[in-house]
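Asks: Mind looking over this structure? Questions follow.
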Amino acid sequence: MPGKELSQIFLDLRMTNILSWNVINILHDDTFDRDTISRVMKAISDKLPNRQLSLVSRSIFTLKHEDTEMARKKAVKKILDDFHVEQLGHCFLVIATVDMVVDVMTVARSLRMVHPGSQWLYVVTNTAPNRTNITSFVELLAEGGNVAFIYNATDFNDFCETLQVKVTYYAKKLVQALAKALEYSLTNEIDMLKRVGGEDFEMIRLTKRERRKEILTNFKMYLERDVLNSETVHGRCVLWKFTSSITWGNFFSHGKNVAHLLDIGTWTLAAGVNLTDDIFPHIVHGFRGINLPITTYHNPPWQVITVNEKGERSYEGLVFDVINHLSKKLNFTYTVILPEVNSTKPWSSSRFSKLGDKINEMTMSNTRRVPKEVIKLVREKKVLLAACAYTVQEYEDTINFTVPVFVQTYSFLTTRPRQLSRALLFASPFTKETWFCLAVTVIIMGPILYLIHKYSPYSTKTSGLNSSWQCVWYVYGALLQQGGMYLPQSDSARMLIGVWWLIVMVVVATYSGSLVAFLTFPKMDASILTVEDLIARKDKITWGFPNDSFLELYLRNTDEQKYQILLAYSERHNDTEEETLVERVKQGKHALIDWRSSLRFLMRKDLLLTGGCHFSLSADEFLDEPIAMIIPQDSPYLAVIDAELRRMQESGLMNKWISEKMPMKDKCWEVPGSNQAVNKRKVNVADMQGIFFVLFMGVTLSFLFLFCELYWNKRKVSKERKLIRPFVS
């Protein structure tokens, strides 16, 4: 009966999956009797056949309809102020009269309960000759809210008030519509059979599912046409209308600064719910394809702005990969507002043709120095967001940040490890301690051999072993595998010499094998791989990082000792010092600390310019810097944008875009010496310079001793000539 149709409306909404809430908060005023509210609760929460979400969790709150507006708002605020949305959800169904709906909308907006994550469905129940002016609610709509209205649009007149609605009348209309739909479907199949013949008809005829869909579509079309006909008074007596609000993106200064309402359908007794759009269009369609303003500036590789010969700008880079995907998911297009920025470099006059052209513009990390013109547009809320990479800073209170779109890690760049001097390569197989022990052993073995040979009763006089000095030369010759002309005759001395030969064999074999390895693979200087390695060389090398960077702020606030030392001995760099810093790093006098990605670009740029690999990137990544986009303070779309950004991260899109924009591995990534095969390594003069140096020293010492011997012999002869010897016959 008219006036009792509210429960049927909600049952139809659930049966058609238009209202698929599984948690619902119901607020109704006290103008309804208990029986009406009970029927509505039953329609909302009863189990439905063939529905996955059949059971609905609901919370019910009664709004007292006070006499004054202030008293009503106070009562509404008392209920909503203590509302636990985390436990009860963000879906609200308000069933009340016009004045109470206005109060609820006003209080909910003041409490910031209307946002893109909430849904408010207002059922305006006023029925009377005074029609509900639904457009008066536009001024109460909040930006980014999801608000819809269902209101009674019944055409009340004397006939409708006395009309008794009979089930037989609607049953008759249903049967008539079904008959027309069946007739239409049957006529189409008969015509098709006549045109194509029996065999082809069996191949192209509708399946049972397709025929069912066609009959239901035509059935509904005939029913609505008949019930809503102007001559049918039953169709005009009970009528409810659905209106949705369009609020997302309408408050930016691009021609649409107010929200508007959209009539999306009706509900009648016979036809039920007939909608042309969704009740909450923004939940399904996002921004509904509108054009939104954003701002950016040139900062490769994050934001790359290029201008072609026709003056048309194009936008690329990692951030715009995120923006383009975000615009598809939230269903909007964008227009880029470029402020006049004096501090940025001029854009290229043509599109970049290769990676080398882009890399020439890429410098050290500078995401903490966003132009003030860009920040101003965001603060004044003239743009949806700033499509630029910006380091998240906790002390910013005039703007807000999205969730980090990228995370940059800090590392340091040093000169590529060089080959150590090969002048003393022949001595490299043994350490200094080993050489010292070997020399002492030779010196000690000489006297030991002399004593054993001298005191053995079975020893014979051998000219090569008659003194300790001769025995030392014998042991030295045996060590060089030269042997000697004379061998001891006693078994004790032979035992000693045999053991010494065994030691010589082991020493010589070990030395020969190690020498081949040192000749084949060049010995490299130790690499600086960690912060501890860098600090350990603070007396030999300097280091520095960009001025006013996130790293500097972190080092100032940390209590870890190694980072305090890192800050105390560090330098501060500017963007204009890049060429000087590169040369200092090449010379091995400086280490550059920056984002790992920025250091990769420096390596890639140097490779393209010089064709050589001069740098080594450390393996230590000791700090993470979050990079996010900027959004106006208190923007209602922050939660929606953050949710999409998290999905991009979880799906791996961020890593994919980074791998596409960052330099790929090349020959500069290889560890020095790791790719040198044994059969390709040849011994050169540099490898043998040490042994030639020993030869030169030996020849020099030989001549020196020769001169000493000549001098000593001359002096001896002179003394003998002065000596008077007695003649004895």
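Residues in the structure tokens are numbered from 1 in each chain, the chains being A, B, ... in the order shown, and ligands are numbered from 1 in the order shown.
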Can you build me a table of segment 393-477 of chain A residues sitting at most 12 Å from segment 656-661 of chain A, with the closest atom pair per residue and its distance in Å to one decimal, using only C-alpha atoms, sorted by chain and residue number, as CSV?

Replies:
```
residue,atom,partner,partner_atom,distance
A:Val405,CA,A:Ile658,CA,10.8
A:Phe406,CA,A:Ile658,CA,8.7
A:Val407,CA,A:Ile658,CA,10.6
A:Gln408,CA,A:Ile658,CA,10.8
```

Asks: Once you have the residues from the selection above, write them out as an mmCIF file, in the first residue's frame, restricted to C-alpha atoms.

Replies:
```
data_model
loop_
_atom_site.group_PDB
_atom_site.id
_atom_site.type_symbol
_atom_site.label_atom_id
_atom_site.label_comp_id
_atom_site.auth_asym_id
_atom_site.auth_seq_id
_atom_site.Cartn_x
_atom_site.Cartn_y
_atom_site.Cartn_z
ATOM 1 C CA VAL A 405 56.422 5.843 -4.413
ATOM 2 C CA PHE A 406 60.129 5.006 -4.420
ATOM 3 C CA VAL A 407 62.770 4.355 -1.777
ATOM 4 C CA GLN A 408 66.302 5.503 -2.541
#
```

Asks: Among the residues of segment 1-97 of chain A, find those DSSP assigns to strand (DSSP E or B) from the backbone and print them as a list in words.

Replies: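 Selecting the strand (DSSP E or B) positions of segment 1-97 of chain A gives Val23, Ile24, Asn25, Ile26, Leu27, His28, Asp29, Ser57, Arg58, Ser59, Ile60, Phe61, Thr62, Leu63, Cys91, Phe92, Leu93, Val94, Ile95 and Ala96 of chain A.
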
Asks: Hey, can you spit out that residue selection with all heavy atoms as a short mmCIF file (atom, residue, chain, number, x, y, z; two decimals), in the first residue's frame?

Replies:
```
data_model
loop_
_atom_site.label_atom_id
_atom_site.label_comp_id
_atom_site.auth_asym_id
_atom_site.auth_seq_id
_atom_site.Cartn_x
_atom_site.Cartn_y
_atom_site.Cartn_z
N VAL A 23 28.10 -4.27 5.91
CA VAL A 23 28.07 -3.59 7.20
C VAL A 23 27.37 -2.27 7.00
O VAL A 23 27.75 -1.49 6.12
CB VAL A 23 29.49 -3.36 7.77
CG1 VAL A 23 29.43 -2.60 9.09
CG2 VAL A 23 30.22 -4.68 7.95
N ILE A 24 26.35 -2.00 7.81
CA ILE A 24 25.54 -0.81 7.59
C ILE A 24 25.19 -0.18 8.93
O ILE A 24 24.91 -0.89 9.92
CB ILE A 24 24.26 -1.16 6.79
CG1 ILE A 24 23.45 0.09 6.48
CG2 ILE A 24 23.42 -2.19 7.52
CD1 ILE A 24 22.30 -0.18 5.52
N ASN A 25 25.23 1.15 8.98
CA ASN A 25 24.84 1.92 10.16
C ASN A 25 23.58 2.71 9.82
O ASN A 25 23.60 3.52 8.89
CB ASN A 25 25.96 2.87 10.58
CG ASN A 25 27.24 2.13 10.91
OD1 ASN A 25 27.27 1.30 11.80
ND2 ASN A 25 28.31 2.41 10.16
N ILE A 26 22.51 2.44 10.53
CA ILE A 26 21.21 3.03 10.24
C ILE A 26 20.90 4.10 11.27
O ILE A 26 20.95 3.86 12.47
CB ILE A 26 20.11 1.95 10.23
CG1 ILE A 26 20.45 0.86 9.21
CG2 ILE A 26 18.75 2.57 9.93
CD1 ILE A 26 19.53 -0.33 9.26
N LEU A 27 20.61 5.30 10.77
CA LEU A 27 20.17 6.41 11.62
C LEU A 27 18.78 6.82 11.15
O LEU A 27 18.60 7.18 9.98
CB LEU A 27 21.13 7.60 11.53
CG LEU A 27 22.53 7.44 12.13
CD1 LEU A 27 23.48 6.74 11.15
CD2 LEU A 27 23.12 8.80 12.51
N HIS A 28 17.82 6.77 12.03
CA HIS A 28 16.45 7.16 11.65
C HIS A 28 15.89 8.07 12.73
O HIS A 28 16.24 7.98 13.92
CB HIS A 28 15.56 5.92 11.47
CG HIS A 28 15.30 5.18 12.75
ND1 HIS A 28 14.23 5.46 13.57
CD2 HIS A 28 15.99 4.16 13.34
CE1 HIS A 28 14.26 4.66 14.62
NE2 HIS A 28 15.32 3.85 14.51
N ASP A 29 15.00 8.95 12.32
CA ASP A 29 14.38 9.84 13.31
C ASP A 29 13.18 9.13 13.93
O ASP A 29 12.76 8.05 13.52
CB ASP A 29 14.00 11.17 12.68
CG ASP A 29 13.06 11.00 11.49
OD1 ASP A 29 12.54 9.88 11.29
OD2 ASP A 29 12.83 11.98 10.76
N SER A 57 25.48 -6.95 8.65
CA SER A 57 25.68 -6.49 10.02
C SER A 57 25.21 -5.04 10.11
O SER A 57 25.64 -4.19 9.33
CB SER A 57 27.16 -6.59 10.40
OG SER A 57 27.39 -6.03 11.67
N ARG A 58 24.31 -4.75 11.04
CA ARG A 58 23.76 -3.40 11.11
C ARG A 58 23.79 -2.88 12.54
O ARG A 58 23.74 -3.65 13.50
CB ARG A 58 22.34 -3.32 10.56
CG ARG A 58 21.26 -3.96 11.41
CD ARG A 58 21.06 -5.42 11.14
NE ARG A 58 19.91 -5.96 11.87
CZ ARG A 58 19.76 -7.24 12.13
NH1 ARG A 58 20.65 -8.11 11.73
NH2 ARG A 58 18.70 -7.67 12.79
N SER A 59 23.93 -1.56 12.61
CA SER A 59 23.84 -0.84 13.88
C SER A 59 22.77 0.23 13.73
O SER A 59 22.73 0.94 12.72
CB SER A 59 25.19 -0.20 14.23
OG SER A 59 26.21 -1.17 14.28
N ILE A 60 21.90 0.33 14.73
CA ILE A 60 20.73 1.21 14.62
C ILE A 60 20.84 2.31 15.66
O ILE A 60 21.14 2.05 16.84
CB ILE A 60 19.42 0.41 14.81
CG1 ILE A 60 19.37 -0.77 13.84
CG2 ILE A 60 18.21 1.30 14.63
CD1 ILE A 60 18.20 -1.70 14.07
N PHE A 61 20.61 3.55 15.22
CA PHE A 61 20.62 4.72 16.09
C PHE A 61 19.37 5.55 15.81
O PHE A 61 19.00 5.76 14.64
CB PHE A 61 21.87 5.57 15.87
CG PHE A 61 23.16 4.84 16.08
CD1 PHE A 61 23.76 4.14 15.04
CD2 PHE A 61 23.76 4.82 17.33
CE1 PHE A 61 24.94 3.46 15.23
CE2 PHE A 61 24.95 4.14 17.53
CZ PHE A 61 25.53 3.45 16.48
N THR A 62 18.74 6.00 16.87
CA THR A 62 17.51 6.80 16.74
C THR A 62 17.85 8.27 16.99
O THR A 62 18.50 8.62 17.98
CB THR A 62 16.45 6.33 17.75
OG1 THR A 62 16.19 4.94 17.52
CG2 THR A 62 15.17 7.12 17.58
N LEU A 63 17.40 9.12 16.06
CA LEU A 63 17.61 10.56 16.17
C LEU A 63 16.32 11.21 16.68
O LEU A 63 15.26 11.05 16.08
CB LEU A 63 17.98 11.15 14.80
CG LEU A 63 19.19 10.53 14.09
CD1 LEU A 63 19.35 11.10 12.69
CD2 LEU A 63 20.45 10.76 14.91
N CYS A 91 29.65 2.96 6.13
CA CYS A 91 28.43 2.97 5.32
C CYS A 91 27.26 3.40 6.21
O CYS A 91 26.96 2.75 7.22
CB CYS A 91 28.17 1.60 4.71
SG CYS A 91 29.49 1.03 3.60
N PHE A 92 26.60 4.49 5.82
CA PHE A 92 25.54 5.07 6.63
C PHE A 92 24.25 5.15 5.82
O PHE A 92 24.25 5.59 4.65
CB PHE A 92 25.93 6.48 7.10
CG PHE A 92 27.15 6.50 7.98
CD1 PHE A 92 28.42 6.64 7.43
CD2 PHE A 92 27.03 6.39 9.36
CE1 PHE A 92 29.54 6.66 8.24
CE2 PHE A 92 28.14 6.41 10.18
CZ PHE A 92 29.39 6.54 9.61
N LEU A 93 23.17 4.74 6.45
CA LEU A 93 21.83 4.86 5.88
C LEU A 93 21.01 5.75 6.82
O LEU A 93 20.76 5.38 7.97
CB LEU A 93 21.18 3.49 5.73
CG LEU A 93 19.72 3.48 5.28
CD1 LEU A 93 19.55 4.11 3.91
CD2 LEU A 93 19.16 2.06 5.29
N VAL A 94 20.63 6.91 6.32
CA VAL A 94 19.89 7.88 7.12
C VAL A 94 18.46 7.93 6.59
O VAL A 94 18.24 8.27 5.41
CB VAL A 94 20.55 9.27 7.07
CG1 VAL A 94 19.77 10.26 7.94
CG2 VAL A 94 22.00 9.19 7.51
N ILE A 95 17.50 7.59 7.43
CA ILE A 95 16.08 7.62 7.06
C ILE A 95 15.42 8.67 7.94
O ILE A 95 15.23 8.48 9.14
CB ILE A 95 15.42 6.24 7.27
CG1 ILE A 95 16.21 5.15 6.54
CG2 ILE A 95 13.98 6.26 6.79
CD1 ILE A 95 15.70 3.74 6.82
N ALA A 96 15.10 9.81 7.34
CA ALA A 96 14.59 10.92 8.14
C ALA A 96 13.88 11.91 7.24
O ALA A 96 13.86 11.78 6.01
CB ALA A 96 15.74 11.61 8.89
#
```

Asks: By how many Å are atom CA of Ser38 of chain A and atom CA of Gly3 of chain A apart?

Replies: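 Between these atoms lies a distance of 14.7 Å.
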
Asks: For Val273 of chain A, find every residue with an atom within 8 Å (counting only C-alpha atoms), except residues of its own chain fewer than 5 positions away, and show them as a short mmCIF file (atom, residue, chain, number, x, y, z; two decimals) with N, CA, C and O atoms, in the first residue's frame.

Replies:
```cif
data_model
loop_
_atom_site.label_atom_id
_atom_site.label_comp_id
_atom_site.auth_asym_id
_atom_site.auth_seq_id
_atom_site.Cartn_x
_atom_site.Cartn_y
_atom_site.Cartn_z
N ILE A 9 11.51 -1.18 -1.20
CA ILE A 9 12.57 -0.51 -1.96
C ILE A 9 13.93 -1.12 -1.61
O ILE A 9 14.74 -1.45 -2.49
N ASP A 12 14.34 -4.64 -2.99
CA ASP A 12 14.66 -4.61 -4.42
C ASP A 12 16.11 -4.19 -4.67
O ASP A 12 16.77 -4.71 -5.57
N LEU A 13 16.60 -3.25 -3.87
CA LEU A 13 17.99 -2.82 -4.02
C LEU A 13 18.96 -3.97 -3.74
O LEU A 13 19.97 -4.13 -4.42
N GLY A 265 17.55 7.50 -11.57
CA GLY A 265 16.53 6.48 -11.76
C GLY A 265 15.34 6.65 -10.84
O GLY A 265 15.24 7.61 -10.08
N THR A 266 14.45 5.66 -10.92
CA THR A 266 13.20 5.69 -10.16
C THR A 266 12.92 4.31 -9.59
O THR A 266 13.56 3.32 -9.93
N TRP A 267 11.90 4.30 -8.72
CA TRP A 267 11.34 3.04 -8.22
C TRP A 267 9.83 3.16 -8.25
O TRP A 267 9.25 4.15 -7.79
N THR A 268 9.20 2.13 -8.84
CA THR A 268 7.74 2.06 -8.88
C THR A 268 7.30 0.69 -8.39
O THR A 268 8.11 -0.24 -8.29
#
```

Asks: Taking the DSSP secondary structure from the backbone, can you list the residues of segment 403-533 of chain A that are helix (DSSP H, G or I), as a PyMOL selection string?

Replies: chain A and resi 425-427+432-455+463-465+468-479+491-520+531-533

Asks: Might you pull out every residue within 9 Å of Val107 of chain A, with only C-alpha atoms counted and same-chain residues fewer than 2 positions away left off, and present them as a list of chain:residue names?

Replies: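 The contact residues come out as A:Lys73, A:Lys74, A:Val76, A:Lys77, A:Leu80, A:Val102, A:Asp103, A:Val104, A:Met105, A:Arg109, A:Ser110, A:Leu111, A:Arg112, A:Met113.
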
Asks: When you look at segment 465-472 of chain A with a cut-off of 7 Å (counting only C-alpha atoms), what residues show up, excluding the ones that are within fewer than 2 positions of it in the same chain? I need them as a list in words.

Replies: Val442, Ile443, Met445, Gly446, Pro447, Leu449, Tyr450, Thr462, Ser463, Tyr474, Val475 and Tyr476 of chain A

Asks: Could those selected residues go to a file with N, CA and C atoms, as a PDB file, in the first residue's frame?

Replies:
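The new file result31.pdb reads:
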```pdb
ATOM      1  N   VAL A 442     118.784 -20.438   6.315  1.00  0.00           N
ATOM      2  CA  VAL A 442     119.981 -20.652   5.503  1.00  0.00           C
ATOM      3  C   VAL A 442     121.238 -20.300   6.296  1.00  0.00           C
ATOM      4  N   ILE A 443     121.166 -19.185   7.027  1.00  0.00           N
ATOM      5  CA  ILE A 443     122.330 -18.754   7.811  1.00  0.00           C
ATOM      6  C   ILE A 443     122.630 -19.739   8.938  1.00  0.00           C
ATOM      7  N   MET A 445     121.720 -23.020   9.058  1.00  0.00           N
ATOM      8  CA  MET A 445     122.046 -24.358   8.558  1.00  0.00           C
ATOM      9  C   MET A 445     123.518 -24.484   8.181  1.00  0.00           C
ATOM     10  N   GLY A 446     124.138 -23.372   7.750  1.00  0.00           N
ATOM     11  CA  GLY A 446     125.557 -23.432   7.384  1.00  0.00           C
ATOM     12  C   GLY A 446     126.446 -23.838   8.558  1.00  0.00           C
ATOM     13  N   PRO A 447     126.419 -23.129   9.676  1.00  0.00           N
ATOM     14  CA  PRO A 447     127.242 -23.539  10.824  1.00  0.00           C
ATOM     15  C   PRO A 447     126.889 -24.922  11.365  1.00  0.00           C
ATOM     16  N   LEU A 449     125.794 -27.527   9.667  1.00  0.00           N
ATOM     17  CA  LEU A 449     126.414 -28.509   8.768  1.00  0.00           C
ATOM     18  C   LEU A 449     127.926 -28.568   8.997  1.00  0.00           C
ATOM     19  N   TYR A 450     128.554 -27.432   9.228  1.00  0.00           N
ATOM     20  CA  TYR A 450     130.015 -27.404   9.459  1.00  0.00           C
ATOM     21  C   TYR A 450     130.377 -28.150  10.740  1.00  0.00           C
ATOM     22  N   THR A 462     137.008 -32.187   3.123  1.00  0.00           N
ATOM     23  CA  THR A 462     136.435 -31.797   1.829  1.00  0.00           C
ATOM     24  C   THR A 462     136.621 -30.305   1.678  1.00  0.00           C
ATOM     25  N   SER A 463     137.201 -29.878   0.561  1.00  0.00           N
ATOM     26  CA  SER A 463     137.545 -28.462   0.408  1.00  0.00           C
ATOM     27  C   SER A 463     136.320 -27.558   0.443  1.00  0.00           C
ATOM     28  N   TYR A 474     127.057 -23.516   0.472  1.00  0.00           N
ATOM     29  CA  TYR A 474     126.557 -24.823   0.012  1.00  0.00           C
ATOM     30  C   TYR A 474     125.043 -24.930   0.235  1.00  0.00           C
ATOM     31  N   VAL A 475     124.566 -24.550   1.436  1.00  0.00           N
ATOM     32  CA  VAL A 475     123.122 -24.595   1.736  1.00  0.00           C
ATOM     33  C   VAL A 475     122.353 -23.660   0.806  1.00  0.00           C
ATOM     34  N   TYR A 476     122.931 -22.482   0.550  1.00  0.00           N
ATOM     35  CA  TYR A 476     122.265 -21.527  -0.355  1.00  0.00           C
ATOM     36  C   TYR A 476     122.176 -22.083  -1.766  1.00  0.00           C
TER      37      TYR A 476
END
```

Asks: Can you list, as a PyMOL selection string, every protein, DNA or RNA residue that comes within 10 Å of Ser635 of chain A when you count only C-alpha atoms, leaving out same-chain residues fewer than 5 positions away?

Replies: chain A and resi 115+143-144+381+384-385+399-400

Asks: Do a neighbour search on Asp263 of chain A at 9 Å with only C-alpha atoms, toss out local chain neighbours closer than 3 positions, and write the hits as a short mmCIF file (atom, residue, chain, number, x, y, z; two decimals) with N, CA and C atoms, in the first residue's frame.

Replies:
```cif
data_model
loop_
_atom_site.label_atom_id
_atom_site.label_comp_id
_atom_site.auth_asym_id
_atom_site.auth_seq_id
_atom_site.Cartn_x
_atom_site.Cartn_y
_atom_site.Cartn_z
N LYS A 241 12.35 8.55 -6.38
CA LYS A 241 13.45 8.90 -7.28
C LYS A 241 14.79 8.76 -6.57
N PHE A 242 15.81 8.43 -7.37
CA PHE A 242 17.19 8.28 -6.89
C PHE A 242 18.04 9.41 -7.48
N THR A 243 18.85 10.03 -6.62
CA THR A 243 19.74 11.12 -7.04
C THR A 243 21.11 10.90 -6.42
N SER A 244 22.14 11.02 -7.25
CA SER A 244 23.52 10.89 -6.78
C SER A 244 24.21 12.24 -6.86
N SER A 245 25.20 12.42 -6.01
CA SER A 245 25.97 13.67 -6.01
C SER A 245 27.30 13.45 -6.72
N THR A 266 14.45 5.66 -10.92
CA THR A 266 13.20 5.69 -10.16
C THR A 266 12.92 4.31 -9.59
N THR A 276 19.85 4.30 -14.17
CA THR A 276 20.70 4.54 -15.33
C THR A 276 22.17 4.72 -14.95
N ASP A 277 22.46 4.78 -13.68
CA ASP A 277 23.83 4.95 -13.19
C ASP A 277 23.94 4.32 -11.82
#
```

Asks: To one decimal place in Å, what is the distance between atom CA of Leu480 of chain A and atom CA of Phe707 of chain A?

Replies: 27.0 Å

Asks: At what distance in Å, to one decimal, does atom CA of Asp81 of chain A lie from atom CA of Trp248 of chain A?

Replies: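 Interatomic distance here is 25.1 Å.
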